[in-house]
Every structure is written in structure tokens, then in C-alpha cells.
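Asks: Below are the C-alpha cells for one structure; questions will follow.
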Number of protein chains: 2
Amino acid sequence: MFSKACEYGIKATIYIAVKSMRQERVSLKEIAEEVNSPVAFTAKILQSLAKSGIIDSHKGPTGGFQIEEAKIDTIKLHDIVHAIDGDKIFVGCGLGLEQCDANQPCPVHDKFVGIRNNLKVMLQNTSLYELATGLDIGLTHLKR
Amino acid sequence: MFSKACEYGIKATIYIAVKSMRQERVSLKEIAEEVNSPVAFTAKILQSLAKSGIIDSHKGPTGGFQIEEAKIDTIKLHDIVHAIDGDKIFVGCGLGLEQCDANQPCPVHDKFVGIRNNLKVMLQNTSLYELATGLDIGLTHLKR
DNA sequence: TTTATTTAGGATAATTTTGTCCGAAATAAA
DNA sequence: TTTATTTCGGACAAAATTATCCTAAATAAA
Ligand code: FES
Ligand code: FES
């Protein structure tokens with residue numbers, strides 16, 4: 001469904017959000033540990049999320065990653081997925097035709113667009129805030 | 001969403017079904033052309049679909065692939081996807097945890113299982129027959 | 001100013017997925 | 001029986017994704 005990069009990116013962002021809600025910055029090393037992801041690969045993903053403006057990064061001692069608290073409520077899961085995996089999952093054809101077109105539909109088009117839209121709506125309606133809160137109160141988990 | 005192998009496999013199976021409804025066998029070469037897929041790669045996929053019992057294969061002149069007509073109605077999209085991509089898409093965790101477990105849910109679990117189940121139900125309820133019929137009457141297309 | 005710490009970024013490697021090549025086996029027709 | 005045709009199956013290659021390594025740049029603290 002999502003790429004590994006996207007899975008790591010989502011988990012990392014949620015973890016950063018939890019810490020940011022306590023006004024704490026968090027280092028790459030800590031993130032990778034808590035999210036159970038390869039450190040250097042996670043670094044790349046965070047770098048790109050920082051360029052996308054979803055997270056903030058700071059170099060040097062006391063450096064690390066954080067998210068503007070006001071943003072935590074407005075950032076949606078959709079934004080993270082879109083930043084990492086692009087929009088193929090939202091607009092692409094289920095059978096890989098160059099583009100999904102209702103006027104020249106593939107055999108699964110009618111059945112597929114519904115599912116694809118469910119996913120899109122879900123991701124658009126899910127805020128980073130609620131994901132982070134669930135993790136913070138111990139309702140959900142980032143590793144096993 | 002689906003792997004390339006799965007996309008090719010679905011399209012190929014639908015095409016074979018259309019021909020089988022006319023009691024015609026169809027060659028690998030013809031399938032790959034009509035489905036717009038790489039010939040040799042498609043051969044591998046068809047080989048595995050044949051082993052899974054979804055399609056029948058015959059060697060030699062007049063050989064090719066076909067599907068038992070009685071089966072066309074009972075084969076569901078789910079069967080094809082499962083044969084090629086396995087069950088990860090149906091039971092796997094949206095964030096890549098080793099296993100999806102409602103007792104130790106990841107942050108997206110509650111939101112994700114709904115989508116995942118929508119997809120599963122859709123695939124289980126979609127018969128090869130209806131997909132093949134739509135293609136046969138020119139309502140849908142396998143390439144662009 | 002020096003040092004220690006942390007992210008940035010480029011090069012490289014490993015793994016998985018996608019795709020190719022070719023000879024063997026089967027089989028129908030000549 | 002010979003030949004032509006078609007799938008089977010194994011080895012191999014290319015491309016994409018995932019992952020590592022190392023040096024540079026920034027920056028906070030000593
Ligand atoms: S054309 Fe294939 S999903 Fe729309
Ligand atoms: S635990 Fe992640 S989707 Fe169920």
C-alpha cells in the first residue's frame with residue numbers, strides 16, 4: 001500500500017508530534033529507535049519532510065526535529081503520504097494504465113475509484129494531532 | 001497498490017476470459033500485445049497463474065491459455081490478486097508492523113482496517129465474468 | 001576560539017522487483 | 001517420423017527501492 005519510506009515517514013512524524021506537543025525537540029537517533037527504522041534511511045526521509053515544510057530541522061547540539069505546535073492540528077495524514085509517495089495512489093489507475101480516465105476506463109475502474117476515494121478521504125480527514133494523541137496516551141504503538 | 005506483476009496478471013486473465021467465453025485459446029504473444037505487457041515477464045505470471053489453477057495452459061501448436069468456462073463466473077478478482085501478491089494487502093499493517101493486531105494497534109489501525117476491508121470485500125465480490133463482459137462489449141479497455 | 005554534537009547531502013551498496021534470454025519439453029500437424 | 005509451434009523453467013540482467021557510509025556544514029556549549 002504505502003512504500004517503506006512512507007511507513008517510516010508517517011511513524012517518525014507522529015513521534016515528533018508527540019514530543020513537540022511537550023515542547024521537546026528529538027534527534028534522528030531517538031526517532032529511528034522509537035520507530036524501529038534504519039537510521040540513515042530515516043535521515044533521508046526526514047530531510048525530505050523538512051524540505052516539504054512538514055517538519056522543522058535544526059543542526060548542532062540541542063538540535064533535532066520538531067513540528068510547529070499550531071501545525072500539528074492542520075497537518076493531515078494525506079500531506080505526509082503525498083510528500084513522500086506522491087499522488088499516484090490518489091489518482092493512478094488500479095491496473096496501471098498511464099492515467100485513470102472515466103471516459104476510457106479499465107475493467108476495474110468503477111469498482112476501484114470508490115476504494116481509492118475512501119482512502120483519500122480517510123487520509124484527508126485524519127489529523128496528525130489525533131494520531132499523536134492516541135500514541136501519547138498509550139492507546140497505539142509504533143513498534144512491536 | 002498492486003504490483004506490476006499483479007496488474008499484468010489481472011489484465012491477462014480478463015483477456016483470456018473474454019476469449020474463453022468464445023471457446024478460443026489464446027497465445028502468450030497475443031495476450032502480451034493486447035494487455036500491453038512485456039512478453040517474457042507475462043509468461044512468468046501466466047505460468048504461476050496456471051500453477052494456482054486459475055488458468056489452463058497447453059503446449060504445442062494450437063496451444064495457449066484458456067479458462068474453464070464454468071470457472072469464469074466463480075473466479076473473483078480476489079483470487080487473482082491473492083495468487084500473485086499474496087495476502088499482505090488483506091491482512092498487513094498499514095504502517096508495516098510485523099502483524100496487524102487490534103490489541104496492539106498502530107496509530108492508523110482503526111482508520112486503516114476499514115479501507116483494507118472495503119478493498120477485500122470489493123475484490124471478493126467482483127467476478128471475472130463481469131470484468132470480462134465489460135471488456136467484451138467495449139465498455140472497458142486494457143490499454144490506451 | 002575550540003570542541004562536540006547534530007543534520008545535510010553525495011556516493012555507494014544491498015535487496016527486491018521487474019524484465020530478458022535461451023534451451024528443454026510437450027504436442028499438433030505435415 | 002520430422003518439423004514447427006508453444007509453454008516451461010532456469011539463469012541472467014536492468015531498474016527501482018531500500019539501506020549504509022562518510023564528509024561537510026551548522027551551531028551550541030565549553
Ligand atoms: S482507468 Fe483504471 S482505475 Fe480508472
Ligand atoms: S496494527 Fe497497523 S493497521 Fe492494524
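Each chain in the C-alpha cells gets a letter, A, B and so on, in the order shown; residues start at 1 in every chain, and ligands are counted from 1 in the order they appear.
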Pick out the residues sitting within 8 Å of region 5-17 of chain D, and hand them over as a ChimeraX atom specification; count only C-alpha atoms (C1' of nucleotides), and ignore anything fewer than 6 positions along from it in its own chain.

Replies: /B:27,47,57-64 /C:16-21,25

Asks: Grab me every residue within 6 Å of ligand 1, counting only C-alpha atoms (C1' of nucleotides) and all ligand atoms, and send it over as a PyMOL selection string.

Replies: chain A and resi 93-95+100-102+105-106+108-109+112-113

Asks: May I have the residues from that selection written out with C-alpha atoms, as a CSV table (one decimal), in the first residue's frame?

Replies:
chain,number,residue,atom,x,y,z
A,93,CYS,CA,-5.2,3.6,-12.4
A,94,GLY,CA,-5.7,0.4,-10.5
A,95,LEU,CA,-4.4,-1.6,-13.4
A,100,CYS,CA,-7.1,6.8,-14.9
A,101,ASP,CA,-9.8,8.2,-17.2
A,102,ALA,CA,-13.5,7.6,-16.7
A,105,PRO,CA,-12.0,3.1,-18.1
A,106,CYS,CA,-10.1,0.0,-17.4
A,108,VAL,CA,-11.8,-2.3,-12.6
A,109,HIS,CA,-12.3,1.4,-12.8
A,112,PHE,CA,-11.6,0.9,-7.9
A,113,VAL,CA,-12.3,4.6,-7.8

Asks: Using only C-alpha atoms and a cut-off of 8 Å, which residues of chain A sit close to chain B? Please list them as a ChimeraX atom specification.

Replies: /A:1-2,4,7-8,10-11,89,94-98,104-108,111,115,118-119,122,131-132,134-135,139-144

Asks: Just how far from CA of Ile31 (chain A) is CA of Thr74 (chain A), in Å to one decimal?

Replies: 21.9 Å

Asks: At a cut-off of 7 Å, list the chain D residues touching chain A, using only C-alpha atoms (C1' of nucleotides), as a PDB file with all heavy atoms, in the first residue's frame.

Replies:
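Done, and the output landed in result-v3.pdb:
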ATOM      1  P    DA D  19      14.597  -0.706   4.434  1.00  0.00           P
ATOM      2  OP1  DA D  19      14.416  -1.917   5.265  1.00  0.00           O
ATOM      3  OP2  DA D  19      13.854   0.519   4.749  1.00  0.00           O
ATOM      4  O5'  DA D  19      16.156  -0.373   4.402  1.00  0.00           O
ATOM      5  C5'  DA D  19      17.071  -1.407   4.062  1.00  0.00           C
ATOM      6  C4'  DA D  19      18.483  -0.833   4.016  1.00  0.00           C
ATOM      7  O4'  DA D  19      18.638   0.047   2.878  1.00  0.00           O
ATOM      8  C3'  DA D  19      18.907  -0.001   5.238  1.00  0.00           C
ATOM      9  O3'  DA D  19      19.915  -0.712   5.925  1.00  0.00           O
ATOM     10  C2'  DA D  19      19.381   1.324   4.649  1.00  0.00           C
ATOM     11  C1'  DA D  19      19.665   0.951   3.195  1.00  0.00           C
ATOM     12  N9   DA D  19      19.611   2.077   2.259  1.00  0.00           N
ATOM     13  C8   DA D  19      18.525   2.867   1.973  1.00  0.00           C
ATOM     14  N7   DA D  19      18.778   3.797   1.073  1.00  0.00           N
ATOM     15  C5   DA D  19      20.122   3.597   0.749  1.00  0.00           C
ATOM     16  C6   DA D  19      20.993   4.250  -0.148  1.00  0.00           C
ATOM     17  N6   DA D  19      20.621   5.278  -0.912  1.00  0.00           N
ATOM     18  N1   DA D  19      22.269   3.793  -0.224  1.00  0.00           N
ATOM     19  C2   DA D  19      22.632   2.743   0.542  1.00  0.00           C
ATOM     20  N3   DA D  19      21.908   2.058   1.416  1.00  0.00           N
ATOM     21  C4   DA D  19      20.643   2.530   1.466  1.00  0.00           C
ATOM     22  P    DT D  20      20.656  -0.061   7.204  1.00  0.00           P
ATOM     23  OP1  DT D  20      21.009  -1.174   8.107  1.00  0.00           O
ATOM     24  OP2  DT D  20      19.901   1.104   7.703  1.00  0.00           O
ATOM     25  O5'  DT D  20      22.008   0.466   6.531  1.00  0.00           O
ATOM     26  C5'  DT D  20      22.820  -0.447   5.799  1.00  0.00           C
ATOM     27  C4'  DT D  20      24.096   0.236   5.321  1.00  0.00           C
ATOM     28  O4'  DT D  20      23.772   1.239   4.327  1.00  0.00           O
ATOM     29  C3'  DT D  20      24.915   0.958   6.407  1.00  0.00           C
ATOM     30  O3'  DT D  20      26.249   0.465   6.339  1.00  0.00           O
ATOM     31  C2'  DT D  20      24.816   2.440   6.021  1.00  0.00           C
ATOM     32  C1'  DT D  20      24.615   2.357   4.515  1.00  0.00           C
ATOM     33  N1   DT D  20      23.921   3.513   3.908  1.00  0.00           N
ATOM     34  C2   DT D  20      24.570   4.262   2.954  1.00  0.00           C
ATOM     35  O2   DT D  20      25.711   4.033   2.589  1.00  0.00           O
ATOM     36  N3   DT D  20      23.837   5.316   2.435  1.00  0.00           N
ATOM     37  C4   DT D  20      22.539   5.659   2.768  1.00  0.00           C
ATOM     38  O4   DT D  20      21.996   6.621   2.235  1.00  0.00           O
ATOM     39  C5   DT D  20      21.923   4.832   3.776  1.00  0.00           C
ATOM     40  C7   DT D  20      20.520   5.133   4.203  1.00  0.00           C
ATOM     41  C6   DT D  20      22.626   3.817   4.295  1.00  0.00           C
ATOM     42  P    DA D  26      26.750  26.376   6.310  1.00  0.00           P
ATOM     43  OP1  DA D  26      25.785  27.045   5.418  1.00  0.00           O
ATOM     44  OP2  DA D  26      28.094  26.943   6.537  1.00  0.00           O
ATOM     45  O5'  DA D  26      26.047  26.185   7.723  1.00  0.00           O
ATOM     46  C5'  DA D  26      24.818  25.461   7.778  1.00  0.00           C
ATOM     47  C4'  DA D  26      24.534  25.072   9.210  1.00  0.00           C
ATOM     48  O4'  DA D  26      25.542  24.144   9.672  1.00  0.00           O
ATOM     49  C3'  DA D  26      24.534  26.239  10.203  1.00  0.00           C
ATOM     50  O3'  DA D  26      23.278  26.243  10.844  1.00  0.00           O
ATOM     51  C2'  DA D  26      25.689  25.921  11.163  1.00  0.00           C
ATOM     52  C1'  DA D  26      25.790  24.406  11.037  1.00  0.00           C
ATOM     53  N9   DA D  26      27.087  23.792  11.346  1.00  0.00           N
ATOM     54  C8   DA D  26      28.303  24.054  10.766  1.00  0.00           C
ATOM     55  N7   DA D  26      29.296  23.320  11.235  1.00  0.00           N
ATOM     56  C5   DA D  26      28.676  22.513  12.188  1.00  0.00           C
ATOM     57  C6   DA D  26      29.183  21.521  13.045  1.00  0.00           C
ATOM     58  N6   DA D  26      30.471  21.144  13.075  1.00  0.00           N
ATOM     59  N1   DA D  26      28.307  20.910  13.871  1.00  0.00           N
ATOM     60  C2   DA D  26      27.016  21.278  13.833  1.00  0.00           C
ATOM     61  N3   DA D  26      26.426  22.206  13.073  1.00  0.00           N
ATOM     62  C4   DA D  26      27.321  22.789  12.267  1.00  0.00           C
ATOM     63  P    DT D  27      22.789  27.560  11.677  1.00  0.00           P
ATOM     64  OP1  DT D  27      21.300  27.633  11.575  1.00  0.00           O
ATOM     65  OP2  DT D  27      23.618  28.709  11.308  1.00  0.00           O
ATOM     66  O5'  DT D  27      23.158  27.140  13.165  1.00  0.00           O
ATOM     67  C5'  DT D  27      22.770  25.860  13.638  1.00  0.00           C
ATOM     68  C4'  DT D  27      23.410  25.601  14.984  1.00  0.00           C
ATOM     69  O4'  DT D  27      24.695  24.940  14.813  1.00  0.00           O
ATOM     70  C3'  DT D  27      23.723  26.873  15.797  1.00  0.00           C
ATOM     71  O3'  DT D  27      23.432  26.629  17.146  1.00  0.00           O
ATOM     72  C2'  DT D  27      25.216  27.019  15.617  1.00  0.00           C
ATOM     73  C1'  DT D  27      25.585  25.542  15.714  1.00  0.00           C
ATOM     74  N1   DT D  27      26.981  25.190  15.352  1.00  0.00           N
ATOM     75  C2   DT D  27      27.567  24.116  15.999  1.00  0.00           C
ATOM     76  O2   DT D  27      26.996  23.450  16.822  1.00  0.00           O
ATOM     77  N3   DT D  27      28.858  23.858  15.629  1.00  0.00           N
ATOM     78  C4   DT D  27      29.613  24.561  14.705  1.00  0.00           C
ATOM     79  O4   DT D  27      30.761  24.228  14.453  1.00  0.00           O
ATOM     80  C5   DT D  27      28.948  25.666  14.081  1.00  0.00           C
ATOM     81  C7   DT D  27      29.688  26.504  13.075  1.00  0.00           C
ATOM     82  C6   DT D  27      27.677  25.928  14.437  1.00  0.00           C
ATOM     83  P    DA D  28      22.328  27.575  17.911  1.00  0.00           P
ATOM     84  OP1  DA D  28      21.002  27.297  17.335  1.00  0.00           O
ATOM     85  OP2  DA D  28      22.843  28.962  17.952  1.00  0.00           O
ATOM     86  O5'  DA D  28      22.379  26.964  19.378  1.00  0.00           O
ATOM     87  C5'  DA D  28      22.182  25.559  19.549  1.00  0.00           C
ATOM     88  C4'  DA D  28      23.197  25.036  20.548  1.00  0.00           C
ATOM     89  O4'  DA D  28      24.490  24.882  19.889  1.00  0.00           O
ATOM     90  C3'  DA D  28      23.442  25.932  21.768  1.00  0.00           C
ATOM     91  O3'  DA D  28      23.321  25.135  22.930  1.00  0.00           O
ATOM     92  C2'  DA D  28      24.854  26.470  21.582  1.00  0.00           C
ATOM     93  C1'  DA D  28      25.502  25.364  20.754  1.00  0.00           C
ATOM     94  N9   DA D  28      26.613  25.787  19.902  1.00  0.00           N
ATOM     95  C8   DA D  28      26.641  26.854  19.046  1.00  0.00           C
ATOM     96  N7   DA D  28      27.780  26.973  18.391  1.00  0.00           N
ATOM     97  C5   DA D  28      28.536  25.914  18.832  1.00  0.00           C
ATOM     98  C6   DA D  28      29.847  25.490  18.503  1.00  0.00           C
ATOM     99  N6   DA D  28      30.626  26.105  17.617  1.00  0.00           N
ATOM    100  N1   DA D  28      30.308  24.376  19.130  1.00  0.00           N
ATOM    101  C2   DA D  28      29.518  23.767  20.005  1.00  0.00           C
ATOM    102  N3   DA D  28      28.287  24.075  20.393  1.00  0.00           N
ATOM    103  C4   DA D  28      27.845  25.172  19.763  1.00  0.00           C
TER     104       DA D  28
END

Asks: Record the distance separating C1' of DC22 (chain C) and CA of Ile80 (chain B), expressed in Å with one decimal.

Replies: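 So the answer is 28.9 Å.
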
Asks: Among chain A, which ones does DSSP assign to alpha helix (DSSP H) (computed from the backbone)? Answer as an NGL selection string.

Replies: :A and (4-20 or 28-35 or 39-51 or 69-74 or 77-85 or 88-91 or 109-125 or 128-136)

Asks: Mind pulling up the distance from CA of Ala43 (chain A) to CA of Ile137 (chain A)?

Replies: 26.6 Å

Asks: My list of candidates is B:Ala12, B:Ile45, B:Ala83, B:Met21. Which is closest to chain C when distances are computed with only C-alpha atoms (C1' of nucleotides)?

Replies: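 Between B:Ala12, B:Ile45, B:Ala83, B:Met21, the residue approaching chain C most closely is B:Ile45.
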
Asks: Distance cut-off 6 Å, counting only C-alpha atoms (C1' of nucleotides) - which residues of chain C neighbour chain B? Return them as a ChimeraX atom specification.

Replies: /C:19,26-28

Asks: Could you write out the selected residues, including N, CA, C and O atoms (P, O5', C5', C4', C3', O3' and C1' of nucleotides), as a PDB file, in the first residue's frame?

Replies:
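For reference, again06.pdb as written:
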ATOM      1  P    DG C  19       8.081  -4.425 -15.865  1.00  0.00           P
ATOM      2  O5'  DG C  19       9.220  -5.249 -16.614  1.00  0.00           O
ATOM      3  C5'  DG C  19      10.435  -4.597 -16.947  1.00  0.00           C
ATOM      4  C4'  DG C  19      11.415  -5.599 -17.513  1.00  0.00           C
ATOM      5  C3'  DG C  19      10.882  -6.446 -18.677  1.00  0.00           C
ATOM      6  O3'  DG C  19      11.599  -6.101 -19.852  1.00  0.00           O
ATOM      7  C1'  DG C  19      12.210  -7.716 -17.182  1.00  0.00           C
ATOM      8  P    DA C  26       7.913 -33.648 -21.227  1.00  0.00           P
ATOM      9  O5'  DA C  26       6.703 -33.096 -22.114  1.00  0.00           O
ATOM     10  C5'  DA C  26       5.918 -32.027 -21.588  1.00  0.00           C
ATOM     11  C4'  DA C  26       5.093 -31.440 -22.700  1.00  0.00           C
ATOM     12  C3'  DA C  26       4.200 -32.444 -23.450  1.00  0.00           C
ATOM     13  O3'  DA C  26       2.875 -31.979 -23.344  1.00  0.00           O
ATOM     14  C1'  DA C  26       5.378 -31.051 -24.955  1.00  0.00           C
ATOM     15  P    DT C  27       1.629 -32.949 -23.679  1.00  0.00           P
ATOM     16  O5'  DT C  27       1.312 -32.567 -25.186  1.00  0.00           O
ATOM     17  C5'  DT C  27       1.152 -31.191 -25.524  1.00  0.00           C
ATOM     18  C4'  DT C  27       1.079 -31.038 -27.025  1.00  0.00           C
ATOM     19  C3'  DT C  27       0.485 -32.243 -27.765  1.00  0.00           C
ATOM     20  O3'  DT C  27      -0.371 -31.773 -28.771  1.00  0.00           O
ATOM     21  C1'  DT C  27       2.449 -31.604 -28.765  1.00  0.00           C
ATOM     22  P    DA C  28      -1.914 -32.245 -28.785  1.00  0.00           P
ATOM     23  O5'  DA C  28      -2.430 -31.580 -30.136  1.00  0.00           O
ATOM     24  C5'  DA C  28      -2.242 -30.184 -30.332  1.00  0.00           C
ATOM     25  C4'  DA C  28      -1.735 -29.918 -31.737  1.00  0.00           C
ATOM     26  C3'  DA C  28      -2.442 -30.712 -32.822  1.00  0.00           C
ATOM     27  O3'  DA C  28      -2.877 -29.803 -33.818  1.00  0.00           O
ATOM     28  C1'  DA C  28      -0.094 -30.939 -33.040  1.00  0.00           C
TER      29       DA C  28
END

Asks: What are the DSSP strand (DSSP E) residues of chain A, as a CSV table (one decimal) with N, CA, C and O atoms, in the first residue's frame?

Replies:
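Done, and the output landed in states_5.csv:
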chain,number,residue,atom,x,y,z
A,56,ASP,N,10.3,20.7,11.1
A,56,ASP,CA,11.5,21.6,11.1
A,56,ASP,C,12.7,20.9,11.6
A,56,ASP,O,12.6,20.0,12.5
A,57,SER,N,13.8,21.2,11.0
A,57,SER,CA,15.1,20.6,11.5
A,57,SER,C,16.1,21.6,12.0
A,57,SER,O,16.1,22.8,11.5
A,58,HIS,N,16.9,21.3,13.0
A,58,HIS,CA,17.9,22.2,13.5
A,58,HIS,C,19.2,21.4,13.7
A,58,HIS,O,19.2,20.3,14.3
A,64,GLY,N,17.8,18.9,16.3
A,64,GLY,CA,16.9,17.8,16.1
A,64,GLY,C,15.7,18.2,15.3
A,64,GLY,O,15.8,19.2,14.6
A,65,PHE,N,14.7,17.4,15.4
A,65,PHE,CA,13.4,17.7,14.6
A,65,PHE,C,12.3,18.1,15.5
A,65,PHE,O,12.2,17.6,16.7
A,66,GLN,N,11.4,18.9,15.0
A,66,GLN,CA,10.2,19.3,15.8
A,66,GLN,C,9.1,19.7,14.8
A,66,GLN,O,9.4,19.9,13.6
